[in-house]
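J.: Below is one structure. I have some questions about it.
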Amino acid sequence: MNRNFKIKFFFSFFFLPLFILGGVFVFEAKAQAETQLFNINSYYDLYDRKETEATLIRTTSNLYFYIEKTWWENRSFQEQNDIKITLFDLSEEFKNKIYPVLTSTFGKEAEFGVDGDPKITVLIHPMIKEAGGYFNSGDIYEKNLYPKSNQRKMIYLNSQHIGNPEAKAFLAHEFVHLITVNQKNILREVTEEIWLNEARAEYAPTLLGYDDVYKGSNLERRVKTFLNKPSDSLTEWLNKKEDYGVINLFTQYLVDHYGLKILVDSLRSEKTGIESISYALEKNNYDKDFSRIFSDWLAALLINDCQAGEKYCYLNEHLKDLRVVPTFYYLPKSEIVLSAYHDTTYWSANWHRFVGGINNLTLEFNGNNMVDFDIPYVLCDLKENCSVEFFSLDNEQKGKITISEFDKKYNSLTIMPFVRSRTSGFNGQENYFNFSWQLSVREELALESQEKLIEELLAQIEQLKKQIAEYQAKIAAITGVSQISCQRFDDNLYYGIKDSAEVSCLQEFLKDQGPEIYPEGLITGNFLSLTQSAVIRFQEKYAQEILTSLGLEKGTGYVGPATRTKINSLISQ
């Protein structure tokens with residue numbers, strides 16, 4: 001974690017409270033068991049404090065380990081002894097692996113702190129559970145520039161995790177921030193954007209081999225977090241756990257395909273954020289811009305198959321089964337017009353998948369013309385061979401594609417719109433922008449027999465149910481979460497679904513609407529004729545809100561986006 005402060009650093013040796021004798025810095029040595037009052041960040045502190053007293057427990061050639069005095073004194077003799085052993089192991093890991101690998105890769109931290117001491121202070125104190133540690137760039141300044149400065153080279157670790165195996169990953173993460181503040185703030189007088197600062201720090205455990213054992217690793221935690229909210233913006237930094245998930249997974253992809261030098265050269269540049277990544281790509285002779293890399297990443301998260309294209313997959317063995325689940329839209333075997341409205345912000349992923357339908361499919365996109373969108377889309381044929389293409393948008397951010405014989409040639413179409421127009425100045429909450437799409441399916445050939453249509457539709461439903469089950473099983477295996485809530489409907493429901501908890505929730509809702517909607521009132525979990533008839537009655541009762549916008553006069557019995565919107569609005573009342 002990183003807490004950046006926009007304070008310009010000026011080179012002035014009078015900042016350092018030390019003496020110079022014969023060209024050598026002299027600073028006061030710190031004694032074991034010495035106590036010191038430190039400023040701490042109340043955002044992370046378990047008790048919302050702004051300062052705490054800490055005791056020096058261990059000193060090495062390059063580290064001071066301070067532990068909060070009260071917390072330390074409340075440990076038993078055995079616990080204190082175990083912590084001392086942990087600190088010994090951690091200091092050896094830092095000396096022999098973390099420090100040499102990270103400094104040889106990214107460059108060194110400042111040689112001296114404001115206090116003239118070359119050693120790094122590690123303050124261990126109780127923090128909120130989600131925090132592994134944090135870094136305060138204000139510590140590199142004197143108090144007259146930043147009053148809360150501890151005036152030393154310093155990082156902070158959570159006492160609740162100090163005995164856990166991941167403590168070395170947390171130490172490495174925060175140390176990268178200390179390197180960054182020297183490479184950017186001090187040497188180049190610029191402040192790195194938070195998302196990229198965190199991205200490099202997030203990659204440190206992987207670089208050091210700490211993610212080689214996936215179970216219990218930092219990478220595994222980030223994958224779980226990402227899959228819970230894959231549409232979180234890459235560049236909007238709100239200091240939430242999902243922010244770490246998305247930047248980790250993007251950085252893994254970036255290094256997989258473009259090498260560690262992209263992170264290194266972007267750090268050793270006077271540019272920041274996306275502009276520094278673009279600089280590093282050009283320096284390393286890559287002709288792709290950041291927008292194209294981002295769109296390739298979105299496709300990789302959806303397909304994750306190198307056979308579909310060398311950039312549409314992860315190379316990390318632990319991520320080869322990673323796939324996001326798009327929002328599904330099931331198209332009936334009839335002429336239909338669907339539309340939807342969404343909000344998104346800069347560099348935020350969206351996946352909308354369309355399956356089913358008949359003959360020609362036309363999709364029109366309309367984005368907010370205050371920004372620039374990119375609309376990559378993935379088209380998969382009946383054998384699941386997928387290709388990636390792009391919408392052509394005009395100056396009003398409007399575009400259209402038509403796919404002939406969609407139902408006969410293709411299994412699915414997935415659009416992945418994102419806003420790409422801004423490339424700098426990301427350090428907090430961003431504005432959101434609307435976009436919409438309208439899909440129309442037009443039947444040009446004569447209708448076949450009703451029996452054959454029903455047979456084809458049921459076969460397609462079974463295929464889609466298997467596909468959904470596979471996605472859900474993978475997500476459940478990774479996240480350990482598999483639950484259905486009757487408080488909101490997010491999935492389309494239709495005739496033929498059996499043994500479904502979501503269908504049971506739907507039947508309970510329909511029953512609550514009264515006997516004029518669902519006179520039978522059966523809760524079976526099977527979406528058959530009685531449930532279909534009840535849905536039709538419900539749709540026709542609220543025809544103005546559900547059917548009219550779709551150009552329909554009679555209910556269909558298909559619980560799609562418009563029907564779900566009305567159901568959810570009634571539940572929330």
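Residue names in the structure tokens use chain letters A, B, ... in the order shown, residue numbers from 1 in each chain, and ligand numbers from 1 in the order shown.
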Going by DSSP on the backbone, which bits of region 197-395 of chain A are alpha helix (DSSP H)? Write them as a PDB file with N, CA and C atoms, in the first residue's frame, please.

T.:
```
ATOM      1  N   ASN A 197       2.482   2.819  -9.407  1.00  0.00           N
ATOM      2  CA  ASN A 197       3.336   2.608  -8.243  1.00  0.00           C
ATOM      3  C   ASN A 197       2.985   1.279  -7.580  1.00  0.00           C
ATOM      4  N   GLU A 198       1.688   1.053  -7.394  1.00  0.00           N
ATOM      5  CA  GLU A 198       1.228  -0.192  -6.773  1.00  0.00           C
ATOM      6  C   GLU A 198       1.444  -1.390  -7.697  1.00  0.00           C
ATOM      7  N   ALA A 199       1.329  -1.177  -9.004  1.00  0.00           N
ATOM      8  CA  ALA A 199       1.500  -2.283  -9.950  1.00  0.00           C
ATOM      9  C   ALA A 199       2.899  -2.883  -9.846  1.00  0.00           C
ATOM     10  N   ARG A 200       3.925  -2.018  -9.784  1.00  0.00           N
ATOM     11  CA  ARG A 200       5.290  -2.535  -9.651  1.00  0.00           C
ATOM     12  C   ARG A 200       5.464  -3.259  -8.317  1.00  0.00           C
ATOM     13  N   ALA A 201       4.918  -2.673  -7.250  1.00  0.00           N
ATOM     14  CA  ALA A 201       5.038  -3.298  -5.930  1.00  0.00           C
ATOM     15  C   ALA A 201       4.309  -4.635  -5.896  1.00  0.00           C
ATOM     16  N   GLU A 202       3.169  -4.713  -6.591  1.00  0.00           N
ATOM     17  CA  GLU A 202       2.403  -5.961  -6.627  1.00  0.00           C
ATOM     18  C   GLU A 202       3.153  -7.063  -7.357  1.00  0.00           C
ATOM     19  N   TYR A 203       3.991  -6.687  -8.310  1.00  0.00           N
ATOM     20  CA  TYR A 203       4.718  -7.711  -9.059  1.00  0.00           C
ATOM     21  C   TYR A 203       5.936  -8.235  -8.300  1.00  0.00           C
ATOM     22  N   ALA A 204       6.370  -7.531  -7.262  1.00  0.00           N
ATOM     23  CA  ALA A 204       7.581  -7.931  -6.531  1.00  0.00           C
ATOM     24  C   ALA A 204       7.510  -9.360  -6.002  1.00  0.00           C
ATOM     25  N   PRO A 205       6.411  -9.803  -5.357  1.00  0.00           N
ATOM     26  CA  PRO A 205       6.367 -11.197  -4.881  1.00  0.00           C
ATOM     27  C   PRO A 205       6.531 -12.216  -6.008  1.00  0.00           C
ATOM     28  N   THR A 206       5.955 -11.934  -7.183  1.00  0.00           N
ATOM     29  CA  THR A 206       6.123 -12.840  -8.319  1.00  0.00           C
ATOM     30  C   THR A 206       7.571 -12.858  -8.776  1.00  0.00           C
ATOM     31  N   LEU A 207       8.185 -11.681  -8.882  1.00  0.00           N
ATOM     32  CA  LEU A 207       9.579 -11.578  -9.301  1.00  0.00           C
ATOM     33  C   LEU A 207      10.501 -12.345  -8.362  1.00  0.00           C
ATOM     34  N   ASN A 218       0.238 -14.444  -2.567  1.00  0.00           N
ATOM     35  CA  ASN A 218      -0.350 -13.135  -2.855  1.00  0.00           C
ATOM     36  C   ASN A 218      -1.109 -13.174  -4.178  1.00  0.00           C
ATOM     37  N   LEU A 219      -0.584 -13.908  -5.158  1.00  0.00           N
ATOM     38  CA  LEU A 219      -1.240 -14.006  -6.457  1.00  0.00           C
ATOM     39  C   LEU A 219      -2.612 -14.671  -6.327  1.00  0.00           C
ATOM     40  N   GLU A 220      -2.699 -15.724  -5.551  1.00  0.00           N
ATOM     41  CA  GLU A 220      -3.993 -16.399  -5.373  1.00  0.00           C
ATOM     42  C   GLU A 220      -5.016 -15.444  -4.753  1.00  0.00           C
ATOM     43  N   ARG A 221      -4.586 -14.664  -3.751  1.00  0.00           N
ATOM     44  CA  ARG A 221      -5.501 -13.702  -3.127  1.00  0.00           C
ATOM     45  C   ARG A 221      -5.974 -12.662  -4.129  1.00  0.00           C
ATOM     46  N   ARG A 222      -5.077 -12.197  -4.973  1.00  0.00           N
ATOM     47  CA  ARG A 222      -5.442 -11.172  -5.940  1.00  0.00           C
ATOM     48  C   ARG A 222      -6.380 -11.726  -7.016  1.00  0.00           C
ATOM     49  N   VAL A 223      -6.204 -12.975  -7.402  1.00  0.00           N
ATOM     50  CA  VAL A 223      -7.106 -13.576  -8.384  1.00  0.00           C
ATOM     51  C   VAL A 223      -8.527 -13.653  -7.827  1.00  0.00           C
ATOM     52  N   LYS A 224      -8.653 -14.075  -6.576  1.00  0.00           N
ATOM     53  CA  LYS A 224      -9.977 -14.162  -5.956  1.00  0.00           C
ATOM     54  C   LYS A 224     -10.633 -12.785  -5.900  1.00  0.00           C
ATOM     55  N   THR A 225      -9.851 -11.794  -5.514  1.00  0.00           N
ATOM     56  CA  THR A 225     -10.385 -10.431  -5.432  1.00  0.00           C
ATOM     57  C   THR A 225     -10.799  -9.929  -6.805  1.00  0.00           C
ATOM     58  N   PHE A 226      -9.981 -10.193  -7.805  1.00  0.00           N
ATOM     59  CA  PHE A 226     -10.281  -9.728  -9.158  1.00  0.00           C
ATOM     60  C   PHE A 226     -11.563 -10.347  -9.693  1.00  0.00           C
ATOM     61  N   LEU A 227     -11.722 -11.642  -9.516  1.00  0.00           N
ATOM     62  CA  LEU A 227     -12.895 -12.317 -10.065  1.00  0.00           C
ATOM     63  C   LEU A 227     -14.186 -11.867  -9.395  1.00  0.00           C
ATOM     64  N   ASN A 228     -14.085 -11.349  -8.191  1.00  0.00           N
ATOM     65  CA  ASN A 228     -15.273 -10.815  -7.529  1.00  0.00           C
ATOM     66  C   ASN A 228     -15.698  -9.471  -8.111  1.00  0.00           C
ATOM     67  N   LYS A 241      -9.572  -3.228  -1.942  1.00  0.00           N
ATOM     68  CA  LYS A 241      -8.896  -4.480  -2.280  1.00  0.00           C
ATOM     69  C   LYS A 241      -9.052  -4.832  -3.749  1.00  0.00           C
ATOM     70  N   GLU A 242     -10.210  -4.457  -4.366  1.00  0.00           N
ATOM     71  CA  GLU A 242     -10.387  -4.771  -5.777  1.00  0.00           C
ATOM     72  C   GLU A 242      -9.416  -3.980  -6.656  1.00  0.00           C
ATOM     73  N   ASP A 243      -8.945  -2.814  -6.173  1.00  0.00           N
ATOM     74  CA  ASP A 243      -7.941  -2.061  -6.929  1.00  0.00           C
ATOM     75  C   ASP A 243      -6.661  -2.872  -7.085  1.00  0.00           C
ATOM     76  N   TYR A 244      -6.295  -3.593  -6.030  1.00  0.00           N
ATOM     77  CA  TYR A 244      -5.091  -4.417  -6.077  1.00  0.00           C
ATOM     78  C   TYR A 244      -5.271  -5.623  -6.987  1.00  0.00           C
ATOM     79  N   GLY A 245      -6.501  -6.174  -7.016  1.00  0.00           N
ATOM     80  CA  GLY A 245      -6.753  -7.320  -7.877  1.00  0.00           C
ATOM     81  C   GLY A 245      -6.542  -7.000  -9.339  1.00  0.00           C
ATOM     82  N   VAL A 246      -7.120  -5.888  -9.802  1.00  0.00           N
ATOM     83  CA  VAL A 246      -7.049  -5.570 -11.230  1.00  0.00           C
ATOM     84  C   VAL A 246      -5.638  -5.173 -11.649  1.00  0.00           C
ATOM     85  N   ILE A 247      -4.926  -4.403 -10.817  1.00  0.00           N
ATOM     86  CA  ILE A 247      -3.572  -4.007 -11.235  1.00  0.00           C
ATOM     87  C   ILE A 247      -2.617  -5.199 -11.223  1.00  0.00           C
ATOM     88  N   ASN A 248      -2.809  -6.143 -10.299  1.00  0.00           N
ATOM     89  CA  ASN A 248      -1.950  -7.320 -10.276  1.00  0.00           C
ATOM     90  C   ASN A 248      -2.145  -8.149 -11.541  1.00  0.00           C
ATOM     91  N   LEU A 249      -3.414  -8.406 -11.885  1.00  0.00           N
ATOM     92  CA  LEU A 249      -3.677  -9.254 -13.046  1.00  0.00           C
ATOM     93  C   LEU A 249      -3.262  -8.578 -14.347  1.00  0.00           C
ATOM     94  N   PHE A 250      -3.390  -7.251 -14.431  1.00  0.00           N
ATOM     95  CA  PHE A 250      -2.910  -6.553 -15.623  1.00  0.00           C
ATOM     96  C   PHE A 250      -1.384  -6.609 -15.700  1.00  0.00           C
ATOM     97  N   THR A 251      -0.718  -6.400 -14.571  1.00  0.00           N
ATOM     98  CA  THR A 251       0.752  -6.392 -14.566  1.00  0.00           C
ATOM     99  C   THR A 251       1.304  -7.765 -14.901  1.00  0.00           C
ATOM    100  N   GLN A 252       0.655  -8.819 -14.403  1.00  0.00           N
ATOM    101  CA  GLN A 252       1.081 -10.175 -14.765  1.00  0.00           C
ATOM    102  C   GLN A 252       1.039 -10.355 -16.280  1.00  0.00           C
ATOM    103  N   TYR A 253      -0.043  -9.884 -16.898  1.00  0.00           N
ATOM    104  CA  TYR A 253      -0.172  -9.997 -18.354  1.00  0.00           C
ATOM    105  C   TYR A 253       0.881  -9.155 -19.066  1.00  0.00           C
ATOM    106  N   LEU A 254       1.075  -7.929 -18.614  1.00  0.00           N
ATOM    107  CA  LEU A 254       2.033  -7.021 -19.248  1.00  0.00           C
ATOM    108  C   LEU A 254       3.440  -7.609 -19.241  1.00  0.00           C
ATOM    109  N   VAL A 255       3.861  -8.131 -18.100  1.00  0.00           N
ATOM    110  CA  VAL A 255       5.210  -8.705 -18.005  1.00  0.00           C
ATOM    111  C   VAL A 255       5.292 -10.011 -18.777  1.00  0.00           C
ATOM    112  N   ASP A 256       4.218 -10.811 -18.739  1.00  0.00           N
ATOM    113  CA  ASP A 256       4.187 -12.056 -19.514  1.00  0.00           C
ATOM    114  C   ASP A 256       4.560 -11.809 -20.967  1.00  0.00           C
ATOM    115  N   HIS A 257       3.975 -10.776 -21.577  1.00  0.00           N
ATOM    116  CA  HIS A 257       4.083 -10.585 -23.022  1.00  0.00           C
ATOM    117  C   HIS A 257       5.086  -9.520 -23.447  1.00  0.00           C
ATOM    118  N   TYR A 258       5.446  -8.605 -22.554  1.00  0.00           N
ATOM    119  CA  TYR A 258       6.332  -7.510 -22.958  1.00  0.00           C
ATOM    120  C   TYR A 258       7.582  -7.397 -22.089  1.00  0.00           C
ATOM    121  N   LYS A 261      11.293  -5.424 -18.415  1.00  0.00           N
ATOM    122  CA  LYS A 261      11.915  -4.141 -18.768  1.00  0.00           C
ATOM    123  C   LYS A 261      10.883  -3.023 -18.911  1.00  0.00           C
ATOM    124  N   ILE A 262       9.641  -3.367 -19.223  1.00  0.00           N
ATOM    125  CA  ILE A 262       8.613  -2.334 -19.353  1.00  0.00           C
ATOM    126  C   ILE A 262       8.397  -1.661 -18.005  1.00  0.00           C
ATOM    127  N   LEU A 263       8.332  -2.447 -16.920  1.00  0.00           N
ATOM    128  CA  LEU A 263       8.187  -1.867 -15.582  1.00  0.00           C
ATOM    129  C   LEU A 263       9.436  -1.085 -15.186  1.00  0.00           C
ATOM    130  N   VAL A 264      10.596  -1.636 -15.509  1.00  0.00           N
ATOM    131  CA  VAL A 264      11.862  -1.008 -15.114  1.00  0.00           C
ATOM    132  C   VAL A 264      12.070   0.311 -15.850  1.00  0.00           C
ATOM    133  N   ASP A 265      11.931   0.291 -17.167  1.00  0.00           N
ATOM    134  CA  ASP A 265      12.184   1.500 -17.952  1.00  0.00           C
ATOM    135  C   ASP A 265      11.138   2.576 -17.691  1.00  0.00           C
ATOM    136  N   SER A 266       9.912   2.162 -17.398  1.00  0.00           N
ATOM    137  CA  SER A 266       8.898   3.167 -17.063  1.00  0.00           C
ATOM    138  C   SER A 266       9.209   3.826 -15.728  1.00  0.00           C
ATOM    139  N   LEU A 267       9.836   3.070 -14.807  1.00  0.00           N
ATOM    140  CA  LEU A 267      10.238   3.637 -13.520  1.00  0.00           C
ATOM    141  C   LEU A 267      11.397   4.617 -13.691  1.00  0.00           C
ATOM    142  N   GLY A 273       2.798   7.120 -15.074  1.00  0.00           N
ATOM    143  CA  GLY A 273       1.570   6.477 -15.495  1.00  0.00           C
ATOM    144  C   GLY A 273       1.652   5.865 -16.882  1.00  0.00           C
ATOM    145  N   ILE A 274       0.535   5.940 -17.615  1.00  0.00           N
ATOM    146  CA  ILE A 274       0.440   5.344 -18.947  1.00  0.00           C
ATOM    147  C   ILE A 274       1.507   5.899 -19.873  1.00  0.00           C
ATOM    148  N   GLU A 275       1.811   7.188 -19.742  1.00  0.00           N
ATOM    149  CA  GLU A 275       2.811   7.797 -20.622  1.00  0.00           C
ATOM    150  C   GLU A 275       4.188   7.165 -20.419  1.00  0.00           C
ATOM    151  N   SER A 276       4.483   6.754 -19.181  1.00  0.00           N
ATOM    152  CA  SER A 276       5.772   6.096 -18.938  1.00  0.00           C
ATOM    153  C   SER A 276       5.778   4.678 -19.510  1.00  0.00           C
ATOM    154  N   ILE A 277       4.626   3.997 -19.477  1.00  0.00           N
ATOM    155  CA  ILE A 277       4.524   2.669 -20.086  1.00  0.00           C
ATOM    156  C   ILE A 277       4.708   2.784 -21.601  1.00  0.00           C
ATOM    157  N   SER A 278       4.074   3.789 -22.204  1.00  0.00           N
ATOM    158  CA  SER A 278       4.219   3.997 -23.648  1.00  0.00           C
ATOM    159  C   SER A 278       5.675   4.275 -24.017  1.00  0.00           C
ATOM    160  N   TYR A 279       6.346   5.084 -23.181  1.00  0.00           N
ATOM    161  CA  TYR A 279       7.767   5.363 -23.396  1.00  0.00           C
ATOM    162  C   TYR A 279       8.584   4.067 -23.354  1.00  0.00           C
ATOM    163  N   ALA A 280       8.294   3.218 -22.349  1.00  0.00           N
ATOM    164  CA  ALA A 280       9.050   1.970 -22.205  1.00  0.00           C
ATOM    165  C   ALA A 280       8.772   1.011 -23.361  1.00  0.00           C
ATOM    166  N   LEU A 281       7.543   0.974 -23.851  1.00  0.00           N
ATOM    167  CA  LEU A 281       7.212   0.118 -24.991  1.00  0.00           C
ATOM    168  C   LEU A 281       7.990   0.548 -26.228  1.00  0.00           C
ATOM    169  N   GLU A 282       8.025   1.849 -26.471  1.00  0.00           N
ATOM    170  CA  GLU A 282       8.762   2.360 -27.628  1.00  0.00           C
ATOM    171  C   GLU A 282      10.258   2.100 -27.482  1.00  0.00           C
ATOM    172  N   LYS A 283      10.784   2.298 -26.282  1.00  0.00           N
ATOM    173  CA  LYS A 283      12.213   2.071 -26.042  1.00  0.00           C
ATOM    174  C   LYS A 283      12.600   0.621 -26.309  1.00  0.00           C
ATOM    175  N   PHE A 290      -0.738   1.621 -25.584  1.00  0.00           N
ATOM    176  CA  PHE A 290      -1.321   1.110 -24.340  1.00  0.00           C
ATOM    177  C   PHE A 290      -2.763   0.644 -24.551  1.00  0.00           C
ATOM    178  N   SER A 291      -3.508   1.370 -25.385  1.00  0.00           N
ATOM    179  CA  SER A 291      -4.901   1.019 -25.632  1.00  0.00           C
ATOM    180  C   SER A 291      -5.019  -0.364 -26.255  1.00  0.00           C
ATOM    181  N   ARG A 292      -4.147  -0.685 -27.190  1.00  0.00           N
ATOM    182  CA  ARG A 292      -4.211  -1.995 -27.838  1.00  0.00           C
ATOM    183  C   ARG A 292      -3.810  -3.102 -26.870  1.00  0.00           C
ATOM    184  N   ILE A 293      -2.829  -2.824 -26.018  1.00  0.00           N
ATOM    185  CA  ILE A 293      -2.443  -3.814 -25.015  1.00  0.00           C
ATOM    186  C   ILE A 293      -3.592  -4.058 -24.050  1.00  0.00           C
ATOM    187  N   PHE A 294      -4.281  -2.987 -23.664  1.00  0.00           N
ATOM    188  CA  PHE A 294      -5.414  -3.129 -22.750  1.00  0.00           C
ATOM    189  C   PHE A 294      -6.522  -3.970 -23.394  1.00  0.00           C
ATOM    190  N   SER A 295      -6.819  -3.722 -24.664  1.00  0.00           N
ATOM    191  CA  SER A 295      -7.866  -4.495 -25.337  1.00  0.00           C
ATOM    192  C   SER A 295      -7.451  -5.956 -25.501  1.00  0.00           C
ATOM    193  N   ASP A 296      -6.176  -6.205 -25.782  1.00  0.00           N
ATOM    194  CA  ASP A 296      -5.678  -7.586 -25.856  1.00  0.00           C
ATOM    195  C   ASP A 296      -5.838  -8.287 -24.510  1.00  0.00           C
ATOM    196  N   TRP A 297      -5.592  -7.540 -23.445  1.00  0.00           N
ATOM    197  CA  TRP A 297      -5.740  -8.107 -22.097  1.00  0.00           C
ATOM    198  C   TRP A 297      -7.198  -8.485 -21.828  1.00  0.00           C
ATOM    199  N   LEU A 298      -8.134  -7.626 -22.234  1.00  0.00           N
ATOM    200  CA  LEU A 298      -9.546  -7.945 -22.041  1.00  0.00           C
ATOM    201  C   LEU A 298      -9.913  -9.226 -22.776  1.00  0.00           C
ATOM    202  N   ALA A 299      -9.391  -9.378 -23.995  1.00  0.00           N
ATOM    203  CA  ALA A 299      -9.655 -10.604 -24.756  1.00  0.00           C
ATOM    204  C   ALA A 299      -9.010 -11.820 -24.086  1.00  0.00           C
ATOM    205  N   ALA A 300      -7.806 -11.626 -23.551  1.00  0.00           N
ATOM    206  CA  ALA A 300      -7.127 -12.726 -22.860  1.00  0.00           C
ATOM    207  C   ALA A 300      -7.908 -13.183 -21.630  1.00  0.00           C
ATOM    208  N   LEU A 301      -8.493 -12.243 -20.912  1.00  0.00           N
ATOM    209  CA  LEU A 301      -9.286 -12.601 -19.739  1.00  0.00           C
ATOM    210  C   LEU A 301     -10.538 -13.373 -20.127  1.00  0.00           C
ATOM    211  N   LEU A 302     -11.059 -13.124 -21.318  1.00  0.00           N
ATOM    212  CA  LEU A 302     -12.258 -13.809 -21.780  1.00  0.00           C
ATOM    213  C   LEU A 302     -11.925 -15.168 -22.406  1.00  0.00           C
TER     214      LEU A 302
END
```

J.: Name all residues at most 9 Å from region 517-531 of chain A (count only C-alpha atoms; drop same-chain ones fewer than 6 positions away) and give them as a ChimeraX atom specification.

T.: /A:493-508,510-511,537-538,541,557

J.: Just want the 7 Å neighbourhood of Tyr66 (chain A), counted on only C-alpha atoms, with same-chain residues fewer than 3 positions away dropped. Output as a ChimeraX atom specification.

T.: /A:54-57,122-124

J.: Please produce a file of the residues just selected, as a PDB file, in the first residue's frame, where the atoms kept are C-alpha atoms.

T.:
```pdb
ATOM      1  CA  ALA A  54       7.642   1.620  19.518  1.00  0.00           C
ATOM      2  CA  THR A  55      10.635  -0.329  20.804  1.00  0.00           C
ATOM      3  CA  LEU A  56      13.708  -1.244  18.766  1.00  0.00           C
ATOM      4  CA  ILE A  57      13.777  -5.060  18.814  1.00  0.00           C
ATOM      5  CA  VAL A 122      10.523  -1.130   9.661  1.00  0.00           C
ATOM      6  CA  LEU A 123       7.744  -0.201  12.085  1.00  0.00           C
ATOM      7  CA  ILE A 124       5.440  -3.068  13.051  1.00  0.00           C
TER       8      ILE A 124
END
```

J.: Could you name the residues that touch Thr105 (chain A) at 9 Å or less, counting only C-alpha atoms, but leaving out those on the same chain fewer than 3 positions away, as a ChimeraX atom specification?

T.: /A:100-102,108,260-261,264

J.: Can you pull out every residue from region 193-412 of chain A that DSSP, working from the backbone, puts in strand (DSSP E), and format the result as number ranges by chain?

T.: A: 327-331, 336-344, 352-356, 360-367, 373-374, 376-381, 386-390, 398-403, 410-412

J.: Generate the output file for the selected residues, C-alpha atoms, as a PDB file, in the first residue's frame.

T.:
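New file part.pdb:
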```pdb
ATOM      1  CA  THR A 327     -22.834 -10.709 -18.778  1.00  0.00           C
ATOM      2  CA  PHE A 328     -24.944 -13.063 -20.915  1.00  0.00           C
ATOM      3  CA  TYR A 329     -27.839 -12.066 -23.155  1.00  0.00           C
ATOM      4  CA  TYR A 330     -29.851 -14.950 -24.624  1.00  0.00           C
ATOM      5  CA  LEU A 331     -31.606 -14.144 -27.890  1.00  0.00           C
ATOM      6  CA  ILE A 336     -36.232  -8.989 -31.428  1.00  0.00           C
ATOM      7  CA  VAL A 337     -34.814  -5.609 -30.467  1.00  0.00           C
ATOM      8  CA  LEU A 338     -32.858  -5.293 -27.200  1.00  0.00           C
ATOM      9  CA  SER A 339     -31.197  -2.245 -25.691  1.00  0.00           C
ATOM     10  CA  ALA A 340     -29.244  -1.528 -22.527  1.00  0.00           C
ATOM     11  CA  TYR A 341     -27.600   1.448 -20.806  1.00  0.00           C
ATOM     12  CA  HIS A 342     -24.425   1.333 -18.713  1.00  0.00           C
ATOM     13  CA  ASP A 343     -21.895   3.562 -16.957  1.00  0.00           C
ATOM     14  CA  THR A 344     -18.151   3.122 -16.989  1.00  0.00           C
ATOM     15  CA  HIS A 352     -21.328  -8.324 -22.795  1.00  0.00           C
ATOM     16  CA  ARG A 353     -21.978 -11.660 -24.540  1.00  0.00           C
ATOM     17  CA  PHE A 354     -24.816 -12.406 -26.969  1.00  0.00           C
ATOM     18  CA  VAL A 355     -25.894 -15.931 -27.934  1.00  0.00           C
ATOM     19  CA  GLY A 356     -28.798 -17.403 -29.878  1.00  0.00           C
ATOM     20  CA  ASN A 360     -28.651 -11.500 -39.244  1.00  0.00           C
ATOM     21  CA  LEU A 361     -27.573  -9.788 -36.028  1.00  0.00           C
ATOM     22  CA  THR A 362     -27.012  -6.022 -35.944  1.00  0.00           C
ATOM     23  CA  LEU A 363     -25.426  -4.305 -32.944  1.00  0.00           C
ATOM     24  CA  GLU A 364     -25.307  -0.522 -32.641  1.00  0.00           C
ATOM     25  CA  PHE A 365     -23.104   1.215 -30.054  1.00  0.00           C
ATOM     26  CA  ASN A 366     -23.605   4.757 -28.754  1.00  0.00           C
ATOM     27  CA  GLY A 367     -21.028   6.182 -26.329  1.00  0.00           C
ATOM     28  CA  PHE A 373     -14.198   4.601 -26.555  1.00  0.00           C
ATOM     29  CA  ASP A 374     -12.577   1.485 -27.937  1.00  0.00           C
ATOM     30  CA  PRO A 376     -13.007  -4.675 -29.270  1.00  0.00           C
ATOM     31  CA  TYR A 377     -15.252  -7.677 -29.748  1.00  0.00           C
ATOM     32  CA  VAL A 378     -14.756 -11.432 -29.731  1.00  0.00           C
ATOM     33  CA  LEU A 379     -16.632 -13.544 -32.271  1.00  0.00           C
ATOM     34  CA  CYS A 380     -16.622 -17.311 -31.674  1.00  0.00           C
ATOM     35  CA  ASP A 381     -17.826 -19.835 -34.259  1.00  0.00           C
ATOM     36  CA  CYS A 386     -12.574 -17.125 -31.659  1.00  0.00           C
ATOM     37  CA  SER A 387     -11.294 -13.991 -33.367  1.00  0.00           C
ATOM     38  CA  VAL A 388     -10.892 -10.430 -32.047  1.00  0.00           C
ATOM     39  CA  GLU A 389     -12.018  -7.420 -34.092  1.00  0.00           C
ATOM     40  CA  PHE A 390     -12.956  -3.778 -33.462  1.00  0.00           C
ATOM     41  CA  LYS A 398     -21.307   5.719 -32.563  1.00  0.00           C
ATOM     42  CA  GLY A 399     -20.720   2.532 -34.497  1.00  0.00           C
ATOM     43  CA  LYS A 400     -22.496  -0.505 -35.920  1.00  0.00           C
ATOM     44  CA  ILE A 401     -21.667  -4.059 -36.933  1.00  0.00           C
ATOM     45  CA  THR A 402     -23.834  -6.593 -38.747  1.00  0.00           C
ATOM     46  CA  ILE A 403     -23.132 -10.313 -38.645  1.00  0.00           C
ATOM     47  CA  TYR A 410     -21.441 -18.422 -34.666  1.00  0.00           C
ATOM     48  CA  ASN A 411     -21.791 -19.482 -31.066  1.00  0.00           C
ATOM     49  CA  SER A 412     -21.385 -16.059 -29.434  1.00  0.00           C
TER      50      SER A 412
END
```

J.: Quick one: residues within 8 Å of Ile303 (chain A), only C-alpha atoms counted, chain neighbours fewer than 5 positions away excluded, as a list in words?

T.: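 Counting only C-alpha atoms, the residues come to Ala308, Tyr312, Cys313, Arg323 and Cys386 of chain A.
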
J.: Between CA of Leu552 (chain A) and CA of Lys408 (chain A), measure the distance and give it in Å to one decimal.

T.: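 For CA of Leu552 (chain A) relative to CA of Lys408 (chain A), the distance reads 25.2 Å.
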